[in-house]
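*Asks:* Input final.txt, format and content: compact mmCIF, C-alpha atoms.
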# COMPACT_ATOMS: atom_id res chain seq x y z
CA MET A 1 0.00 0.00 0.00
CA HIS A 2 2.81 2.39 0.91
CA ILE A 3 5.49 2.34 -1.78
CA PRO A 4 8.82 3.47 -0.26
CA ASP A 5 11.45 5.78 -1.77
CA GLY A 6 13.89 4.28 -4.23
CA ILE A 7 11.62 1.81 -6.07
CA LEU A 8 9.69 3.74 -8.73
CA SER A 9 10.86 5.45 -11.93
CA ALA A 10 10.93 9.23 -12.35
CA PRO A 11 7.95 9.48 -14.80
CA VAL A 12 5.71 7.53 -12.38
CA LEU A 13 6.81 9.67 -9.42
CA ILE A 14 6.33 12.94 -11.32
CA GLY A 15 3.00 11.86 -12.84
CA GLY A 16 1.73 10.77 -9.41
CA ALA A 17 2.81 14.05 -7.83
CA GLY A 18 1.05 16.00 -10.61
CA VAL A 19 -2.28 14.16 -10.23
CA ALA A 20 -2.07 14.40 -6.43
CA ALA A 21 -1.37 18.15 -6.61
CA ALA A 22 -4.36 18.64 -8.92
CA GLY A 23 -6.63 16.66 -6.57
CA VAL A 24 -5.43 18.50 -3.47
CA GLY A 25 -5.72 21.85 -5.26
CA LEU A 26 -9.30 21.15 -6.36
CA ALA A 27 -10.23 20.07 -2.83
CA LEU A 28 -8.61 23.09 -1.16
CA ALA A 29 -10.41 25.47 -3.53
CA ARG A 30 -13.72 24.03 -2.24
CA LEU A 31 -12.66 23.61 1.37
CA ASP A 32 -14.06 26.27 3.70
CA GLU A 33 -11.45 26.88 6.38
CA ARG A 34 -14.16 26.27 8.98
CA ALA A 35 -14.35 22.66 7.82
CA ILE A 36 -10.65 22.03 8.47
CA PRO A 37 -11.18 20.57 12.00
CA ARG A 38 -13.73 18.17 10.47
CA VAL A 39 -11.34 16.96 7.76
CA ALA A 40 -8.46 16.72 10.25
CA MET A 41 -10.63 14.81 12.74
CA LEU A 42 -11.74 12.30 10.07
CA SER A 43 -8.16 11.96 8.84
CA ALA A 44 -7.15 11.13 12.44
CA VAL A 45 -9.96 8.54 12.79
CA PHE A 46 -8.77 6.72 9.70
CA PHE A 47 -5.16 6.96 10.88
CA ALA A 48 -6.16 5.39 14.23
CA GLY A 49 -8.49 2.87 12.55
CA SER A 50 -5.73 1.70 10.21
CA LEU A 51 -3.63 0.71 13.22
CA VAL A 52 -6.17 -1.99 14.23
CA ALA A 53 -5.18 -5.44 12.94
CA VAL A 54 -8.33 -7.19 11.72
CA PRO A 55 -8.14 -11.01 11.52
CA VAL A 56 -8.88 -12.53 8.10
CA GLY A 57 -8.42 -16.29 7.91
CA PRO A 58 -4.98 -17.23 9.23
CA SER A 59 -3.50 -13.73 8.90
CA SER A 60 -4.61 -10.20 9.69
CA VAL A 61 -4.95 -7.01 7.67
CA HIS A 62 -4.86 -3.29 8.40
CA LEU A 63 -7.88 -1.52 6.93
CA VAL A 64 -7.59 1.71 4.93
CA PHE A 65 -11.22 2.99 4.87
CA SER A 66 -10.56 4.96 1.68
CA GLY A 67 -14.03 4.11 0.29
CA LEU A 68 -15.73 5.41 3.43
CA LEU A 69 -13.45 8.47 3.46
CA GLY A 70 -14.49 9.20 -0.13
CA VAL A 71 -18.19 8.99 0.79
CA MET A 72 -17.75 11.21 3.87
CA LEU A 73 -15.32 13.77 2.39
CA GLY A 74 -15.75 13.70 -1.40
CA LEU A 75 -12.73 15.40 -2.96
CA GLY A 76 -11.56 16.29 0.57
CA ILE A 77 -10.12 12.77 0.67
CA PHE A 78 -7.07 14.04 -1.28
CA PRO A 79 -5.69 16.41 1.38
CA ALA A 80 -6.80 14.01 4.16
CA VAL A 81 -4.84 11.09 2.66
CA LEU A 82 -1.84 13.28 1.77
CA VAL A 83 -1.57 14.57 5.34
CA GLY A 84 -2.04 11.08 6.82
CA LEU A 85 0.69 9.62 4.57
CA ALA A 86 3.06 12.52 5.29
CA LEU A 87 2.64 11.98 9.03
CA GLN A 88 3.22 8.24 8.69
CA ALA A 89 6.38 8.89 6.66
CA VAL A 90 7.73 11.38 9.21
CA MET A 91 6.61 9.65 12.42
CA PHE A 92 7.19 5.98 11.59
CA GLY A 93 9.25 5.98 8.39
CA ILE A 94 6.44 4.10 6.57
CA GLY A 95 6.15 4.96 2.87
CA GLY A 96 8.37 7.68 1.50
CA ILE A 97 8.62 11.37 0.70
CA THR A 98 9.22 11.21 -3.05
CA THR A 99 6.36 8.67 -3.27
CA LEU A 100 3.90 10.85 -1.32
CA GLY A 101 2.24 11.95 -4.57
CA ILE A 102 1.80 8.52 -6.17
CA ASN A 103 0.77 6.90 -2.85
CA THR A 104 -1.83 9.65 -2.35
CA VAL A 105 -3.23 9.07 -5.85
CA ASN A 106 -3.34 5.28 -5.40
CA MET A 107 -5.47 5.61 -2.26
CA ALA A 108 -7.41 8.86 -2.74
CA LEU A 109 -8.35 8.72 -6.43
CA PRO A 110 -10.41 5.47 -6.19
CA GLY A 111 -11.91 6.73 -2.91
CA ALA A 112 -12.91 10.08 -4.43
CA LEU A 113 -14.38 8.56 -7.61
CA ILE A 114 -16.27 5.77 -5.85
CA GLY A 115 -17.39 8.21 -3.15
CA LEU A 116 -18.76 10.55 -5.83
CA ALA A 117 -20.50 7.66 -7.61
CA VAL A 118 -21.85 5.61 -4.69
CA GLY A 119 -22.18 8.36 -2.05
CA PRO A 120 -25.46 9.77 -3.42
CA LEU A 121 -26.92 6.24 -3.66
CA ILE A 122 -25.98 5.53 -0.03
CA ARG A 123 -27.56 8.78 1.16
CA ALA A 124 -30.72 8.09 -0.86
CA ALA A 125 -30.99 4.45 0.32
CA ARG A 126 -34.41 3.66 1.81
CA SER A 127 -33.11 1.41 4.59
CA PRO A 128 -29.87 1.26 6.63
CA GLY A 129 -29.38 -2.30 5.38
CA ARG A 130 -29.38 -1.16 1.77
CA ALA A 131 -26.99 1.68 2.60
CA ALA A 132 -24.70 -0.85 4.32
CA LEU A 133 -24.72 -3.12 1.26
CA LEU A 134 -23.76 -0.19 -0.98
CA GLY A 135 -21.13 0.92 1.53
CA GLY A 136 -19.64 -2.57 1.64
CA ILE A 137 -19.44 -2.70 -2.13
CA ALA A 138 -17.83 0.77 -2.19
CA GLY A 139 -15.28 -0.25 0.46
CA ALA A 140 -14.27 -3.47 -1.29
CA ALA A 141 -14.23 -1.88 -4.77
CA THR A 142 -12.02 0.98 -3.56
CA VAL A 143 -9.46 -1.45 -2.16
CA VAL A 144 -9.41 -3.48 -5.39
CA ALA A 145 -9.01 -0.28 -7.43
CA SER A 146 -6.17 0.86 -5.14
CA GLY A 147 -4.51 -2.52 -5.57
CA LEU A 148 -4.74 -2.20 -9.34
CA LEU A 149 -3.22 1.30 -9.19
CA VAL A 150 -0.35 0.14 -6.94
CA ALA A 151 0.31 -2.77 -9.30
CA ALA A 152 0.20 -0.38 -12.28
CA SER A 153 2.64 2.04 -10.59
CA LEU A 154 5.11 -0.81 -10.11
CA TRP A 155 4.61 -2.28 -13.55
CA LEU A 156 4.90 1.12 -15.29
CA SER A 157 8.16 1.77 -13.41
CA SER A 158 9.80 -1.43 -14.59
CA ALA A 159 8.46 -4.50 -16.41
CA ASP A 160 10.65 -6.56 -14.05
CA TYR A 161 8.17 -5.78 -11.25
CA GLY A 162 5.41 -7.62 -13.18
CA LEU A 163 5.42 -10.77 -11.05
CA VAL A 164 5.50 -8.80 -7.81
CA ALA A 165 2.59 -6.67 -8.98
CA GLN A 166 0.52 -9.81 -9.68
CA VAL A 167 1.32 -11.43 -6.32
CA LEU A 168 0.54 -8.12 -4.63
CA LEU A 169 -2.90 -8.00 -6.27
CA VAL A 170 -3.73 -11.42 -4.82
CA THR A 171 -2.86 -10.19 -1.32
CA TYR A 172 -5.38 -7.37 -1.77
CA LEU A 173 -8.27 -9.84 -1.96
CA PRO A 174 -8.49 -10.69 1.79
CA LEU A 175 -8.09 -6.97 2.49
CA ALA A 176 -10.97 -6.16 0.14
CA LEU A 177 -13.15 -8.76 1.90
CA ALA A 178 -12.49 -7.38 5.40
CA GLU A 179 -12.69 -3.77 4.19
CA GLY A 180 -16.08 -4.40 2.58
CA ALA A 181 -17.48 -6.13 5.69
CA VAL A 182 -16.22 -3.51 8.16
CA THR A 183 -17.23 -0.58 5.92
CA ALA A 184 -20.75 -2.04 5.65
CA ALA A 185 -20.93 -2.17 9.47
CA VAL A 186 -19.70 1.43 9.79
CA VAL A 187 -22.29 2.61 7.25
CA ILE A 188 -25.20 0.79 8.91
CA PHE A 189 -24.11 2.29 12.26
CA LEU A 190 -23.90 5.82 10.86
CA ALA A 191 -27.15 5.44 8.86
CA ARG A 192 -28.96 4.62 12.12
CA VAL A 193 -27.15 6.95 14.52
CA GLN A 194 -26.14 10.01 12.48
CA PRO A 195 -27.11 9.77 8.79
CA GLU A 196 -25.96 13.34 8.07
CA ALA A 197 -22.36 12.19 8.77
CA LEU A 198 -22.46 10.28 5.48
CA ALA A 199 -22.64 13.52 3.45
CA PRO A 200 -19.46 15.41 2.59
CA ARG A 201 -19.52 18.87 4.13
CA LEU A 202 -16.60 20.92 2.91
CA ALA A 203 -18.19 24.24 2.06
CA VAL A 204 -20.25 25.06 5.16
CA GLY A 205 -19.18 25.37 8.77
CA PRO A 206 -20.89 23.71 11.74
CA GLU A 207 -24.58 24.42 12.05
CA MET B 1 28.20 19.52 12.77
CA ILE B 2 27.33 19.17 9.12
CA LEU B 3 23.54 18.81 9.41
CA PRO B 4 21.64 22.07 8.83
CA GLY B 5 19.85 23.28 11.95
CA ASP B 6 17.09 24.99 10.00
CA LEU B 7 14.18 22.60 9.50
CA ARG B 8 13.20 24.14 6.14
CA LEU B 9 16.64 23.36 4.73
CA ARG B 10 16.55 19.90 6.31
CA LEU B 11 13.24 19.15 4.59
CA ALA B 12 14.47 20.51 1.25
CA ALA B 13 17.81 18.69 1.46
CA ALA B 14 16.17 15.39 2.44
CA PHE B 15 13.66 15.64 -0.40
CA VAL B 16 16.23 16.55 -3.08
CA ALA B 17 18.76 13.94 -1.96
CA VAL B 18 16.18 11.13 -1.71
CA ALA B 19 14.73 12.11 -5.11
CA LEU B 20 18.19 12.00 -6.71
CA TRP B 21 19.08 8.68 -5.05
CA SER B 22 15.79 7.13 -6.13
CA GLN B 23 17.07 7.21 -9.72
CA LEU B 24 20.31 5.29 -9.08
CA ALA B 25 20.74 2.15 -11.21
CA GLY B 26 24.24 0.81 -10.44
CA LEU B 27 25.17 -1.26 -7.40
CA ALA B 28 28.31 0.70 -6.48
CA PRO B 29 26.60 4.16 -6.44
CA ALA B 30 23.68 2.74 -4.47
CA LEU B 31 26.06 1.29 -1.87
CA LEU B 32 27.87 4.65 -1.78
CA ALA B 33 24.53 6.30 -0.97
CA VAL B 34 24.12 3.95 2.02
CA LEU B 35 27.69 4.69 3.12
CA LEU B 36 27.05 8.45 2.87
CA ALA B 37 23.90 8.14 4.96
CA LEU B 38 25.74 6.01 7.55
CA ALA B 39 28.60 8.54 7.61
CA LEU B 40 26.09 11.32 8.34
CA PHE B 41 24.72 9.27 11.24
CA ALA B 42 28.25 8.78 12.58
CA LEU B 43 29.03 12.51 12.20
CA ALA B 44 25.81 13.46 13.98
CA ARG B 45 26.50 10.81 16.68
CA GLN B 46 22.97 9.46 16.36
CA PRO B 47 21.98 5.83 17.05
CA LEU B 48 20.76 3.99 13.93
CA PRO B 49 16.94 3.77 13.60
CA TRP B 50 16.71 -0.04 13.62
CA ARG B 51 12.94 -0.10 13.97
CA ARG B 52 12.49 1.98 10.82
CA LEU B 53 15.00 -0.14 8.92
CA LEU B 54 13.34 -3.41 9.91
CA HIS B 55 9.90 -2.07 9.10
CA LEU B 56 10.05 -3.19 5.49
CA GLU B 57 6.75 -3.45 3.72
CA ALA B 58 5.73 -7.00 2.89
CA PHE B 59 5.86 -6.34 -0.84
CA LEU B 60 9.39 -5.02 -0.56
CA LEU B 61 10.46 -8.41 0.81
CA LEU B 62 8.47 -9.95 -2.02
CA LEU B 63 10.44 -7.83 -4.48
CA PHE B 64 13.73 -9.09 -3.06
CA VAL B 65 12.56 -12.68 -3.21
CA THR B 66 11.11 -12.60 -6.74
CA LEU B 67 13.49 -10.30 -8.67
CA PRO B 68 16.38 -12.81 -8.91
CA PHE B 69 13.95 -15.23 -10.59
CA THR B 70 12.17 -12.80 -12.92
CA ILE B 71 15.24 -11.05 -14.37
CA GLU B 72 17.02 -13.02 -17.07
CA GLY B 73 20.77 -13.54 -16.82
CA HIS B 74 23.52 -15.88 -15.68
CA PRO B 75 21.99 -18.48 -13.37
CA VAL B 76 23.78 -18.75 -10.04
CA LEU B 77 21.24 -20.72 -8.04
CA SER B 78 18.67 -23.33 -9.08
CA LEU B 79 15.52 -24.18 -7.17
CA GLY B 80 13.80 -26.93 -9.13
CA PRO B 81 12.73 -25.41 -12.47
CA LEU B 82 13.61 -21.86 -11.35
CA ASP B 83 16.96 -20.20 -11.94
CA ALA B 84 18.03 -17.19 -9.90
CA SER B 85 20.19 -14.85 -11.98
CA ALA B 86 23.16 -12.83 -10.82
CA GLU B 87 21.63 -9.77 -12.53
CA GLY B 88 18.43 -10.27 -10.53
CA PHE B 89 20.32 -10.46 -7.24
CA ALA B 90 22.26 -7.32 -8.18
CA ARG B 91 18.98 -5.50 -8.95
CA ALA B 92 17.49 -6.59 -5.62
CA PHE B 93 20.58 -5.32 -3.78
CA VAL B 94 20.42 -1.97 -5.62
CA LEU B 95 16.79 -1.53 -4.53
CA ALA B 96 17.56 -2.60 -0.95
CA ALA B 97 20.45 -0.12 -0.82
CA LYS B 98 18.37 2.76 -2.20
CA VAL B 99 15.48 2.10 0.18
CA THR B 100 17.90 1.83 3.12
CA ALA B 101 19.75 5.03 2.23
CA SER B 102 16.44 6.94 1.89
CA VAL B 103 15.04 5.65 5.19
CA LEU B 104 18.29 6.56 6.96
CA LEU B 105 18.46 10.08 5.53
CA ILE B 106 14.79 10.84 6.30
CA ALA B 107 15.14 9.47 9.84
CA LEU B 108 18.23 11.59 10.43
CA LEU B 109 17.00 14.86 8.91
CA ILE B 110 13.25 14.85 9.69
CA GLY B 111 12.46 11.89 11.97
CA GLY B 112 11.33 12.63 15.51
CA ARG B 113 10.60 16.29 14.79
CA GLU B 114 7.51 17.87 16.36
CA PRO B 115 4.67 18.06 13.80
CA LEU B 116 4.10 21.66 14.92
CA HIS B 117 7.67 22.60 13.94
CA LEU B 118 7.39 20.62 10.71
CA GLY B 119 4.17 22.48 9.89
CA ARG B 120 5.84 25.85 10.42
CA ALA B 121 8.77 24.79 8.26
CA LEU B 122 6.41 23.56 5.53
CA ALA B 123 4.57 26.90 5.65
CA GLY B 124 7.97 28.58 5.31
CA LEU B 125 8.60 26.49 2.19
CA GLY B 126 5.40 27.84 0.63
CA LEU B 127 2.88 25.08 1.40
CA PRO B 128 -0.70 26.48 1.30
CA GLU B 129 -1.98 27.61 4.70
CA PRO B 130 -5.05 25.26 4.80
CA LEU B 131 -2.79 22.27 4.16
CA VAL B 132 -0.44 23.36 6.95
CA ARG B 133 -3.39 23.77 9.36
CA LEU B 134 -4.67 20.34 8.33
CA PHE B 135 -1.24 18.80 8.92
CA ILE B 136 -0.84 20.29 12.39
CA ALA B 137 -4.46 19.60 13.42
CA THR B 138 -4.33 15.97 12.22
CA ALA B 139 -1.08 15.35 14.09
CA ARG B 140 -2.76 16.70 17.23
CA TYR B 141 -6.01 14.76 16.82
CA ILE B 142 -4.26 11.43 16.16
CA GLY B 143 -3.32 11.39 19.84
CA VAL B 144 -6.84 12.36 20.96
CA ILE B 145 -8.65 9.89 18.69
CA GLY B 146 -6.08 7.18 19.38
CA ALA B 147 -6.78 7.48 23.12
CA GLU B 148 -10.53 7.31 22.45
CA ALA B 149 -10.04 4.21 20.27
CA ARG B 150 -8.03 2.54 23.04
CA ARG B 151 -10.80 3.26 25.59
CA LEU B 152 -13.45 1.76 23.29
CA ARG B 153 -11.31 -1.34 22.66
CA ASP B 154 -10.62 -1.76 26.38
CA ALA B 155 -14.37 -1.62 26.95
CA MET B 156 -14.92 -4.27 24.28
CA ARG B 157 -12.26 -6.50 25.84
CA ALA B 158 -13.83 -6.03 29.27
CA ARG B 159 -17.08 -7.40 27.81
CA GLY B 160 -15.22 -10.49 26.61
CA PHE B 161 -14.63 -9.53 22.95
CA ARG B 162 -11.90 -11.58 21.24
CA PRO B 163 -11.05 -10.68 17.63
CA ARG B 164 -11.45 -13.69 15.32
CA SER B 165 -11.95 -14.11 11.61
CA ASN B 166 -15.75 -13.92 11.55
CA LEU B 167 -18.62 -11.63 10.78
CA HIS B 168 -19.15 -10.75 14.45
CA THR B 169 -15.60 -9.39 14.72
CA TRP B 170 -15.88 -7.35 11.54
CA ARG B 171 -19.25 -5.92 12.58
CA SER B 172 -17.90 -5.05 16.04
CA TYR B 173 -14.91 -3.26 14.54
CA GLY B 174 -17.28 -1.45 12.17
CA TYR B 175 -19.36 -0.22 15.11
CA LEU B 176 -16.13 0.78 16.89
CA VAL B 177 -15.07 2.93 13.93
CA GLY B 178 -18.64 4.26 13.54
CA MET B 179 -18.68 5.35 17.19
CA LEU B 180 -15.26 6.95 16.78
CA LEU B 181 -16.55 8.86 13.74
CA VAL B 182 -19.67 10.14 15.53
CA ARG B 183 -17.61 11.34 18.50
CA ALA B 184 -14.91 12.82 16.25
CA LEU B 185 -17.45 14.84 14.21
CA ASP B 186 -19.02 16.21 17.41
CA ARG B 187 -15.57 17.07 18.67
CA ALA B 188 -14.71 18.84 15.40
CA ASP B 189 -17.81 21.04 15.74
CA ARG B 190 -16.93 21.84 19.38
CA VAL B 191 -13.34 22.70 18.40
CA GLU B 192 -14.53 25.00 15.62
CA ASP B 193 -17.08 26.72 17.92
CA ALA B 194 -14.48 27.22 20.64
CA MET B 195 -12.02 28.72 18.17
CA ARG B 196 -14.67 31.13 16.78
CA LEU B 197 -15.52 32.24 20.33
CA ARG B 198 -11.90 33.15 20.87
CA GLY B 199 -11.88 35.24 17.71
CA PHE B 200 -10.02 32.82 15.42
CA THR B 201 -10.05 34.12 11.85
CA GLY B 202 -8.72 31.05 10.05
CA ARG B 203 -5.05 31.92 10.29
CA TYR B 204 -2.67 31.35 13.16
CA PRO B 205 -0.54 34.37 14.02
CA ARG B 206 2.94 33.03 13.28
CA ALA B 207 6.19 34.88 13.83
CA PRO B 208 8.34 34.57 10.71
CA LEU B 209 11.03 31.91 11.07
CA PRO B 210 14.57 33.27 11.48
CA ALA B 211 16.64 33.16 8.30
CA PRO B 212 18.97 30.13 8.00
CA VAL B 213 22.56 30.86 9.06
CA PRO B 214 25.38 30.29 6.51
CA ALA B 215 26.35 26.98 8.19
CA ASP B 216 22.84 25.67 7.47
CA TRP B 217 23.21 26.51 3.78
CA VAL B 218 26.63 24.82 3.69
CA GLY B 219 25.25 21.67 5.34
CA ALA B 220 22.27 21.46 2.99
CA ALA B 221 24.50 22.12 -0.03
CA LEU B 222 26.95 19.39 1.04
CA ILE B 223 24.19 16.79 1.47
CA THR B 224 22.44 17.57 -1.82
CA GLY B 225 25.80 17.96 -3.59
CA ALA B 226 26.96 14.52 -2.39
CA ALA B 227 23.66 13.00 -3.57
CA ALA B 228 24.02 14.75 -6.95
CA LEU B 229 27.60 13.47 -7.34
CA THR B 230 26.40 9.91 -6.60
CA LEU B 231 23.83 10.21 -9.37
CA ILE B 232 26.35 11.72 -11.82
CA TRP B 233 28.77 8.84 -11.11
CA ASP B 234 25.88 6.42 -11.68
CA LYS B 235 24.98 7.95 -15.06
CA LEU B 236 28.57 8.30 -16.38
Using structure tokens, write down the structure that the file contains.
*Replies:*
Amino acid sequence: MHIPDGILSAPVLIGGAGVAAAGVGLALARLDERAIPRVAMLSAVFFAGSLVAVPVGPSSVHLVFSGLLGVMLGLGIFPAVLVGLALQAVMFGIGGITTLGINTVNMALPGALIGLAVGPLIRAARSPGRAALLGGIAGAATVVASGLLVAASLWLSSADYGLVAQVLLVTYLPLALAEGAVTAAVVIFLARVQPEALAPRLAVGPE
Amino acid sequence: MILPGDLRLRLAAAFVAVALWSQLAGLAPALLAVLLALALFALARQPLPWRRLLHLEAFLLLLFVTLPFTIEGHPVLSLGPLDASAEGFARAFVLAAKVTASVLLIALLIGGREPLHLGRALAGLGLPEPLVRLFIATARYIGVIGAEARRLRDAMRARGFRPRSNLHTWRSYGYLVGMLLVRALDRADRVEDAMRLRGFTGRYPRAPLPAPVPADWVGAALITGAAALTLIWDKL
């Protein structure tokens, strides 16, 4: 999930940084400064949530929640993911600093697109169960899309990484399963307790 | 003391040097990069960050295991039908060296710094103000939310919850994250209200950072210059 420094080729790094900068720029242009605590708070929840090891079969996975983040933040997922990755790189040495751009794109772009596509359906769902089903699909699909992007970043950097990229994709399947199940549970909880939390709110301050 | 004291120059030097090193292709220059990073650690009299070095991502290990078999070349080792090539091993060592050198340099120049100071330095480097606020606020809230997550998990454990690979576990973790989200959103609104009440206008009053002293410039120039020379040697 976090590609470190020293692995990828220059065009992939520069392209990733460019797309990430565009995404962050678009989000910041829409982000009311009163909504910054909200984005930061959500970013921190996903940071803390990703530290929980969730058992899947004989192993365990760390969830990313990028699908849920996309539903709850829309384009705001770009700065939220960028800041989370930067803190992980500085605090724990996980990931890298030249790969911040491409890692942000790999996680935030699927989240933003799926959030934009599925978010309205989740909010319009007639029952919490239906919202949970949609949320689960969004969570799992986002992880699979992220896996494809990570594999593509490796493969585009060097054809020698082809085998690794394929093996990596297989390891994303248990993650997608757990991510889908847990995201569905989060969505059913929010749909019952605080449905307005499922709508991105970047432009208006607290009511 | 060769390391620049100014955090802006440290950030810039680390970024430029790591970016240059990431494009190394030869084994000797990559090993030189590791030696340079180790020499900086020795000069700064810092202990090596073993935890960071050992924290290799799973796929990185995978890369080191598979590359000798996927790259064609002179076979040096045979495992059944598979031949590991010398070229593949060399490639794996180049990658390992580059990753190690980058992790070392980042740990030395930026690791362990207060997020508040990093945020100020990033603002000094021209990062947009909302992004800087987001960076500082997230760093602060990670501690707050992390403590809340620990309380909720302790409560679950007190009720006899044991994580297993089943639907009950996944649903329980989902409710845990849902509860965290509800509390975090309430907290965000309270934070924003409290800041408005105190007259916050969306911008922290920040004293300008002092200009870097000449020694800082020399240190940053030496580090980036050494990294540039490594890359030039590699491309010759």
*Asks:* Find the residues of chain B in contact range of chain A, meaning any atom within 6 Å when counting only C-alpha atoms, and list them as a list in words.
*Replies:* Ala19, Ser22, Arg52, Lys98, Val99, Gly111, Leu134, Phe135, Ala137, Thr138, Tyr141, Ile142, Gly146, Arg164, Ser165, Trp170, Arg171, Gly174, Tyr175, Gly178, Ala184, Ala188 and Asp189 of chain B
*Asks:* What's the separation between atom CA of A:Asn103 and atom CA of B:Pro130, in Å to one decimal place?
*Replies:* 20.7 Å
*Asks:* May I have the residues within 10 Å of B:Ala13 as a list in words, using all atoms listed in the file and disregarding those fewer than 3 positions away in the same chain?
*Replies:*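 What passes the distance filter is Leu3, Pro4, Leu7, Arg8, Leu9, Arg10, Val16, Ala17, Val18, Ala19, Leu105, Ile106, Leu109, Trp217, Gly219, Ala220, Ala221, Leu222, Ile223, Thr224, Gly225 and Ala227 of chain B.
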*Asks:* Work out how far apart atom CA of A:Gly115 and atom CA of A:Ala131 are and give it in Å to one decimal.
*Replies:*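 Those two atoms sit 13.0 Å apart.
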*Asks:* In Å to one decimal, how far is atom CA of A:Gly16 from atom CA of A:Gly101?
*Replies:*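 Between atom CA of A:Gly101 and atom CA of A:Gly16 the gap is 5.0 Å.
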*Asks:* Show me, as a list in words, the residues that have an atom within 10 Å of A:Ala20 when counting only C-alpha atoms, minus same-chain residues fewer than 6 positions from it.
*Replies:*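 These residues fall inside the cut-off: Ile14, Leu26, Phe78, Pro79, Leu82, Leu100, Gly101, Ile102, Asn103, Thr104, Val105, Asn106, Ala108 and Leu109 of chain A.
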*Asks:* Of the residues B:Val191, B:Leu152, B:Ala101, B:Leu236, which is the one nearest to B:Leu38, using all atoms listed in the file?
*Replies:* B:Ala101
